[in-house]
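Input: a single structure, listed below in C-alpha cells.
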Amino acid sequence: MRFVTFRLKERKPRIGIAVPEGVVDIGLHLPGAPTDMIGLIAAWHGLKPSLVALVGSGRLDYFSEEVALLAPVPRPGKMLGIAMNYAGHCALGAGQRPTDQVWFAKMPTSANSPFGEVEIPRGATRIDCQAGLALVIGRRCRRVSRAEANQVIFGYCVAMDFSVNDRYLSDSELMLGKSFDTHGPFGPWIISADEIEDPHRLTLRCHVNGLKCQELYTGNLVFNCFEQIEHLSKVMTLEPGDVILTGASGGFGMALSPARGLHPGDVVRAEINEIGYVENMVICE
C-alpha cells in the first residue's frame, strides 16, 4: 500500500491510501483510525486487515487532481542521514570507502512535500542536492540487530537532500547546512515495506531540468539499510515516523566539474523504479 498525507484545497491535512486514479480517505471509512501518519504507523499491525479490505473494496474518494500531497510524515520526530555511503560519492571525497558510519541530522522543520518549492536562503550561493532512498521506522525500538532490522521498517520513500554548502563548509557544521526550511522533500508516499522485496535492489535516478545527473543502485550502499538501523539504535530509541536517509551518490552542484549550484527556476526530479518520484522547483526565499 501507498500511504499519503494530503490536503483538499485549504482544509486540514488528512491521511489516505494512494490508488491508481487518486486517493482513498482513511478517515471517511475508518472513523476510529488515527488521523495523522505517525499515529497510523504506530497502529499499523492492528489496522492492516481493515486497510487491506478498504483498498480491496475499489473505493476512490478523490481524483489525483483534487488533492495536494504533503510530506508523508509532515513533522518527523527525527530526520537522519548517512554521509558518503555510495562508492561513487566516496570518490568525490577522500577517495576511500568509510570504515565507520558518519551521520548528520536534518531538522524536522526541513521536511517538505514531494512537489513543494525549495527555497534558496538569502545570501546563499552554493546549493547542492542529492537524491536517495529514505526508510520510515515503523515501531519504537532500541538495540535492533541487522538480522531483525527489516521488522522495524514501516516503508520507503524517495527523498531529496538539499544542502547550503557555503554555510556548512565555512562553519564546519554539516547540520546547519542541511537543515534549512524546505530542504528535505520526500514522498510522494510511503510504500509499505511488504511491497518492496529487497530495498537493496532498487535503481534511483535524479534529473535537473531534464538532464540526468545521478543514477545509482541501492545494492552499492557501503552500509546497507539494516546495518544503519543497527548502528543508530545502539545510540537512540527509534520511533514510528522517524525518517532515515540511507545515502546518496554525488548529486548535483558541488559534485560536478566544474561545480554548478542550483538557481531559481531549476527543477529537480528524483525517482526510484518501484516507488515513484518527487519533483521540486527551486525558488528564492
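Letters A, B, ... mark the chains of the C-alpha cells in the order given; residue numbers begin at 1 per chain; ligand numbers begin at 1, in order shown.
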Note to self: What parts of segment 42-262 of chain A does DSSP call alpha helix (DSSP H)? I'd like the answer as number ranges by chain.
What the structure shows: A: 42, 44-56, 87-92, 165-171, 174-178, 225-235
Next item on the list: Assign secondary structure with DSSP using the backbone only, and return the residues of segment 2-245 of chain A in strand (DSSP E) as a PyMOL selection string.
Entry: chain A and resi 2-7+14-19+22-25+62-63+68-69+79-82+103-105+111-112+118-120+127-137+153-164+184-192+203-208+211-217+243-245
Item checked: Residue with smallest distance to Ile275 of chain A - pool A:Ala83, A:Val158, A:Leu51, A:Ile153, counting only C-alpha atoms -> A:Val158
Near-Gly241 of chain A list (10 Å; only C-alpha atoms; drop same-chain fewer than 5 positions) as a compact mmCIF listing (two decimals) with N, CA, C and O atoms, in the first residue's frame:
```txt
# COMPACT_ATOMS: atom_id res chain seq x y z
N MET A 37 -0.18 10.58 10.23
CA MET A 37 0.61 9.47 9.74
C MET A 37 1.38 8.76 10.84
O MET A 37 1.48 7.52 10.84
N ILE A 38 1.93 9.49 11.79
CA ILE A 38 2.68 8.83 12.86
C ILE A 38 1.75 7.92 13.66
O ILE A 38 2.11 6.78 14.00
N GLY A 39 0.54 8.39 13.93
CA GLY A 39 -0.43 7.55 14.62
C GLY A 39 -0.80 6.31 13.82
O GLY A 39 -0.92 5.20 14.38
N LEU A 40 -0.96 6.47 12.52
CA LEU A 40 -1.27 5.33 11.65
C LEU A 40 -0.14 4.31 11.66
O LEU A 40 -0.38 3.10 11.75
N ILE A 41 1.09 4.80 11.57
CA ILE A 41 2.24 3.89 11.56
C ILE A 41 2.29 3.10 12.87
O ILE A 41 2.50 1.88 12.87
N ALA A 42 2.09 3.79 13.99
CA ALA A 42 2.14 3.12 15.28
C ALA A 42 1.05 2.06 15.41
O ALA A 42 1.24 1.04 16.09
N PRO A 72 4.79 12.84 3.54
CA PRO A 72 4.02 11.76 4.15
C PRO A 72 4.00 11.83 5.68
O PRO A 72 2.98 11.56 6.30
N VAL A 73 5.14 12.19 6.27
CA VAL A 73 5.22 12.49 7.70
C VAL A 73 5.55 13.98 7.79
O VAL A 73 6.71 14.37 7.64
N PRO A 74 4.55 14.84 7.99
CA PRO A 74 4.80 16.28 7.89
C PRO A 74 5.84 16.81 8.87
O PRO A 74 6.55 17.76 8.56
N ARG A 75 5.94 16.21 10.04
CA ARG A 75 6.93 16.66 11.02
C ARG A 75 7.53 15.42 11.70
O ARG A 75 7.13 15.04 12.78
N PRO A 76 8.52 14.79 11.05
CA PRO A 76 9.12 13.60 11.66
C PRO A 76 9.78 13.95 12.99
O PRO A 76 10.32 15.04 13.18
N GLY A 77 9.76 12.99 13.89
CA GLY A 77 10.49 13.19 15.14
C GLY A 77 11.98 13.33 14.89
O GLY A 77 12.66 14.13 15.53
N LYS A 78 12.49 12.55 13.95
CA LYS A 78 13.91 12.61 13.57
C LYS A 78 14.02 12.50 12.05
O LYS A 78 13.27 11.74 11.43
N MET A 79 14.95 13.25 11.47
CA MET A 79 15.38 13.06 10.09
C MET A 79 16.90 12.92 10.14
O MET A 79 17.62 13.87 10.46
N LEU A 135 13.95 5.48 4.38
CA LEU A 135 13.12 4.50 5.05
C LEU A 135 12.44 5.15 6.24
O LEU A 135 12.95 6.11 6.82
N VAL A 136 11.27 4.64 6.57
CA VAL A 136 10.46 5.18 7.67
C VAL A 136 10.32 4.10 8.73
O VAL A 136 9.89 2.98 8.43
N ILE A 137 10.68 4.44 9.95
CA ILE A 137 10.62 3.49 11.06
C ILE A 137 9.16 3.21 11.43
O ILE A 137 8.31 4.11 11.44
N GLY A 138 8.88 1.95 11.75
CA GLY A 138 7.51 1.54 12.00
C GLY A 138 7.12 1.33 13.44
O GLY A 138 5.94 1.33 13.78
N ARG A 139 8.11 1.13 14.32
CA ARG A 139 7.75 0.94 15.72
C ARG A 139 8.90 1.38 16.62
O ARG A 139 10.05 1.46 16.19
N ARG A 140 8.57 1.68 17.84
CA ARG A 140 9.57 2.12 18.81
C ARG A 140 10.54 0.96 19.06
O ARG A 140 10.12 -0.16 19.35
N ILE A 153 10.93 -1.61 9.95
CA ILE A 153 10.74 -0.65 8.85
C ILE A 153 9.28 -0.67 8.42
O ILE A 153 8.73 -1.72 8.06
N PHE A 154 8.64 0.48 8.47
CA PHE A 154 7.26 0.58 8.00
C PHE A 154 7.20 0.67 6.49
O PHE A 154 6.33 0.06 5.86
N GLY A 155 8.09 1.46 5.89
CA GLY A 155 8.05 1.60 4.45
C GLY A 155 9.17 2.49 3.93
O GLY A 155 10.08 2.87 4.67
```
Checklist line | Distance of atom CA of Asp161 of chain A from atom CA of Ile127 of chain A, expressed in Å to one decimal place | finding: 10.6 Å
Next item on the list: Please identify all polymer residues within 9 Å of Glu271 of chain A, counting only C-alpha atoms, omitting same-chain residues fewer than 2 positions from it, and present them as a PyMOL selection string.
Entry: chain A and resi 131-132+158-159+203-207+269+273-279
Writing out the chosen residues with N, CA and C atoms as a compact mmCIF listing (two decimals), in the first residue's frame:
```txt
# COMPACT_ATOMS: atom_id res chain seq x y z
N ALA A 131 19.84 12.86 -4.36
CA ALA A 131 18.66 12.02 -4.24
C ALA A 131 19.02 10.71 -3.56
N GLY A 132 18.05 10.14 -2.85
CA GLY A 132 18.33 8.88 -2.19
C GLY A 132 17.06 8.16 -1.77
N VAL A 158 11.01 8.17 -1.69
CA VAL A 158 12.07 8.86 -2.42
C VAL A 158 12.36 10.14 -1.65
N ALA A 159 13.63 10.50 -1.52
CA ALA A 159 13.98 11.70 -0.76
C ALA A 159 15.00 12.53 -1.52
N THR A 203 16.75 0.97 -8.30
CA THR A 203 17.51 1.92 -9.10
C THR A 203 16.93 3.31 -8.91
N LEU A 204 17.79 4.27 -8.64
CA LEU A 204 17.38 5.65 -8.42
C LEU A 204 18.02 6.55 -9.46
N ARG A 205 17.23 7.49 -9.98
CA ARG A 205 17.74 8.46 -10.95
C ARG A 205 17.35 9.86 -10.51
N CYS A 206 18.23 10.81 -10.80
CA CYS A 206 17.96 12.20 -10.48
C CYS A 206 18.21 13.05 -11.72
N HIS A 207 17.28 13.96 -12.03
CA HIS A 207 17.40 14.86 -13.17
C HIS A 207 17.28 16.30 -12.68
N ARG A 269 14.20 16.48 -10.15
CA ARG A 269 13.31 15.32 -10.08
C ARG A 269 14.12 14.08 -9.70
N ASN A 273 12.52 3.25 -9.14
CA ASN A 273 11.70 2.45 -10.05
C ASN A 273 10.47 1.83 -9.41
N GLU A 274 10.54 1.33 -8.20
CA GLU A 274 9.40 0.63 -7.60
C GLU A 274 8.60 1.51 -6.62
N ILE A 275 8.98 2.77 -6.51
CA ILE A 275 8.32 3.62 -5.52
C ILE A 275 7.58 4.78 -6.17
N GLY A 276 8.25 5.62 -6.93
CA GLY A 276 7.63 6.79 -7.53
C GLY A 276 8.65 7.90 -7.68
N TYR A 277 8.19 9.15 -7.68
CA TYR A 277 9.12 10.26 -7.86
C TYR A 277 8.69 11.47 -7.05
N VAL A 278 9.66 12.33 -6.79
CA VAL A 278 9.41 13.66 -6.23
C VAL A 278 10.00 14.66 -7.21
N GLU A 279 9.42 15.85 -7.26
CA GLU A 279 9.89 16.88 -8.19
C GLU A 279 9.69 18.24 -7.54
```
Next item on the list: Find the spatial neighbours of segment 109-112 of chain A, counting only C-alpha atoms, within a cut-off of 9 Å - ignore same-chain residues fewer than 6 positions away - and output them as a ChimeraX atom specification.
Entry: /A:70-71,73-76,79,118,178-186
Serialized selection, all heavy atoms, as a CSV table (one decimal), in the first residue's frame:
```
chain,number,residue,atom,x,y,z
A,70,LEU,N,1.3,16.2,0.7
A,70,LEU,CA,2.2,16.8,1.6
A,70,LEU,C,3.3,15.8,1.9
A,70,LEU,O,3.3,14.7,1.4
A,70,LEU,CB,1.5,17.2,2.9
A,70,LEU,CG,0.2,18.1,2.7
A,70,LEU,CD1,-0.4,18.3,4.1
A,70,LEU,CD2,0.5,19.4,2.0
A,71,ALA,N,4.3,16.2,2.7
A,71,ALA,CA,5.3,15.2,3.1
A,71,ALA,C,4.5,14.1,3.9
A,71,ALA,O,3.6,14.4,4.7
A,71,ALA,CB,6.3,15.9,4.1
A,73,VAL,N,5.1,12.2,6.3
A,73,VAL,CA,5.2,12.5,7.7
A,73,VAL,C,5.5,14.0,7.8
A,73,VAL,O,6.7,14.4,7.6
A,73,VAL,CB,6.3,11.6,8.4
A,73,VAL,CG1,6.2,11.9,9.9
A,73,VAL,CG2,6.1,10.2,8.1
A,74,PRO,N,4.6,14.8,8.0
A,74,PRO,CA,4.8,16.3,7.9
A,74,PRO,C,5.8,16.8,8.9
A,74,PRO,O,6.6,17.8,8.6
A,74,PRO,CB,3.4,16.9,8.2
A,74,PRO,CG,2.5,15.8,7.8
A,74,PRO,CD,3.1,14.5,8.1
A,75,ARG,N,5.9,16.2,10.0
A,75,ARG,CA,6.9,16.7,11.0
A,75,ARG,C,7.5,15.4,11.7
A,75,ARG,O,7.1,15.0,12.8
A,75,ARG,CB,6.3,17.6,12.1
A,75,ARG,CG,7.3,18.2,13.0
A,75,ARG,CD,8.3,19.1,12.3
A,75,ARG,NE,7.7,20.2,11.6
A,75,ARG,CZ,7.4,21.4,12.2
A,75,ARG,NH1,7.7,21.6,13.5
A,75,ARG,NH2,6.9,22.4,11.5
A,76,PRO,N,8.5,14.8,11.1
A,76,PRO,CA,9.1,13.6,11.7
A,76,PRO,C,9.8,13.9,13.0
A,76,PRO,O,10.3,15.0,13.2
A,76,PRO,CB,10.2,13.2,10.6
A,76,PRO,CG,9.8,13.9,9.4
A,76,PRO,CD,9.2,15.2,9.8
A,79,MET,N,15.0,13.3,11.5
A,79,MET,CA,15.4,13.1,10.1
A,79,MET,C,16.9,12.9,10.1
A,79,MET,O,17.6,13.9,10.5
A,79,MET,CB,15.0,14.2,9.2
A,79,MET,CG,13.5,14.4,8.9
A,79,MET,SD,13.1,15.6,7.7
A,79,MET,CE,13.6,14.8,6.2
A,118,VAL,N,11.4,24.6,-3.2
A,118,VAL,CA,12.6,24.6,-2.3
A,118,VAL,C,13.2,25.9,-2.3
A,118,VAL,O,13.5,26.4,-3.4
A,118,VAL,CB,13.6,23.5,-2.7
A,118,VAL,CG1,14.9,23.6,-1.9
A,118,VAL,CG2,13.0,22.1,-2.5
A,178,LYS,N,22.4,21.5,6.3
A,178,LYS,CA,21.4,20.5,5.8
A,178,LYS,C,20.0,20.9,6.3
A,178,LYS,O,19.1,20.2,5.8
A,178,LYS,CB,21.8,19.1,6.4
A,178,LYS,CG,23.1,18.5,5.9
A,178,LYS,CD,22.9,18.0,4.5
A,178,LYS,CE,24.1,17.1,4.1
A,178,LYS,NZ,24.0,16.6,2.7
A,179,SER,N,19.8,21.8,7.2
A,179,SER,CA,18.6,21.9,7.9
A,179,SER,C,17.7,23.2,7.6
A,179,SER,O,16.8,23.5,8.3
A,179,SER,CB,18.9,21.9,9.4
A,179,SER,OG,19.3,20.6,9.8
A,180,PHE,N,18.0,23.8,6.5
A,180,PHE,CA,17.2,25.0,6.1
A,180,PHE,C,15.8,24.5,5.8
A,180,PHE,O,15.5,23.4,5.3
A,180,PHE,CB,17.8,25.7,4.9
A,180,PHE,CG,18.9,26.6,5.2
A,180,PHE,CD1,20.2,26.1,5.3
A,180,PHE,CD2,18.7,28.0,5.5
A,180,PHE,CE1,21.3,27.0,5.6
A,180,PHE,CE2,19.7,28.8,5.8
A,180,PHE,CZ,21.0,28.3,5.9
A,181,ASP,N,14.8,25.4,6.1
A,181,ASP,CA,13.4,25.1,5.8
A,181,ASP,C,13.2,24.7,4.4
A,181,ASP,O,13.9,25.3,3.5
A,181,ASP,CB,12.5,26.3,6.2
A,181,ASP,CG,12.4,26.5,7.7
A,181,ASP,OD1,12.9,25.7,8.4
A,181,ASP,OD2,11.8,27.6,8.0
A,182,THR,N,12.4,23.8,4.1
A,182,THR,CA,12.0,23.3,2.8
A,182,THR,C,13.1,22.3,2.1
A,182,THR,O,12.9,21.8,1.1
A,182,THR,CB,11.7,24.4,1.7
A,182,THR,OG1,12.9,25.0,1.3
A,182,THR,CG2,10.7,25.4,2.3
A,183,HIS,N,14.2,22.1,2.8
A,183,HIS,CA,15.4,21.4,2.2
A,183,HIS,C,15.3,19.9,2.3
A,183,HIS,O,16.3,19.2,2.1
A,183,HIS,CB,16.7,22.0,2.7
A,183,HIS,CG,17.0,23.3,2.0
A,183,HIS,ND1,18.3,23.7,1.9
A,183,HIS,CD2,16.2,24.2,1.4
A,183,HIS,CE1,18.3,24.9,1.3
A,183,HIS,NE2,17.1,25.2,1.0
A,184,GLY,N,14.2,19.4,2.8
A,184,GLY,CA,14.1,17.9,2.9
A,184,GLY,C,12.8,17.4,2.3
A,184,GLY,O,12.0,16.7,3.0
A,185,PRO,N,12.5,17.6,1.0
A,185,PRO,CA,11.3,17.0,0.4
A,185,PRO,C,11.4,15.4,0.3
A,185,PRO,O,12.5,14.9,0.1
A,185,PRO,CB,11.3,17.6,-1.0
A,185,PRO,CG,12.7,18.0,-1.3
A,185,PRO,CD,13.3,18.3,0.0
A,186,PHE,N,10.3,14.8,0.6
A,186,PHE,CA,10.3,13.3,0.4
A,186,PHE,C,8.9,12.8,0.1
A,186,PHE,O,7.9,13.6,0.4
A,186,PHE,CB,10.9,12.6,1.6
A,186,PHE,CG,10.2,12.7,2.9
A,186,PHE,CD1,9.4,11.7,3.4
A,186,PHE,CD2,10.2,13.9,3.7
A,186,PHE,CE1,8.7,11.8,4.6
A,186,PHE,CE2,9.5,14.0,4.9
A,186,PHE,CZ,8.8,12.9,5.3
```
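Between atom CA of Ile82 of chain A and atom CA of His231 of chain A there is a distance of 10.9 Å.
For the pair atom CA of Met281 of chain A and atom CA of Gln214 of chain A, the separation is 17.4 Å.
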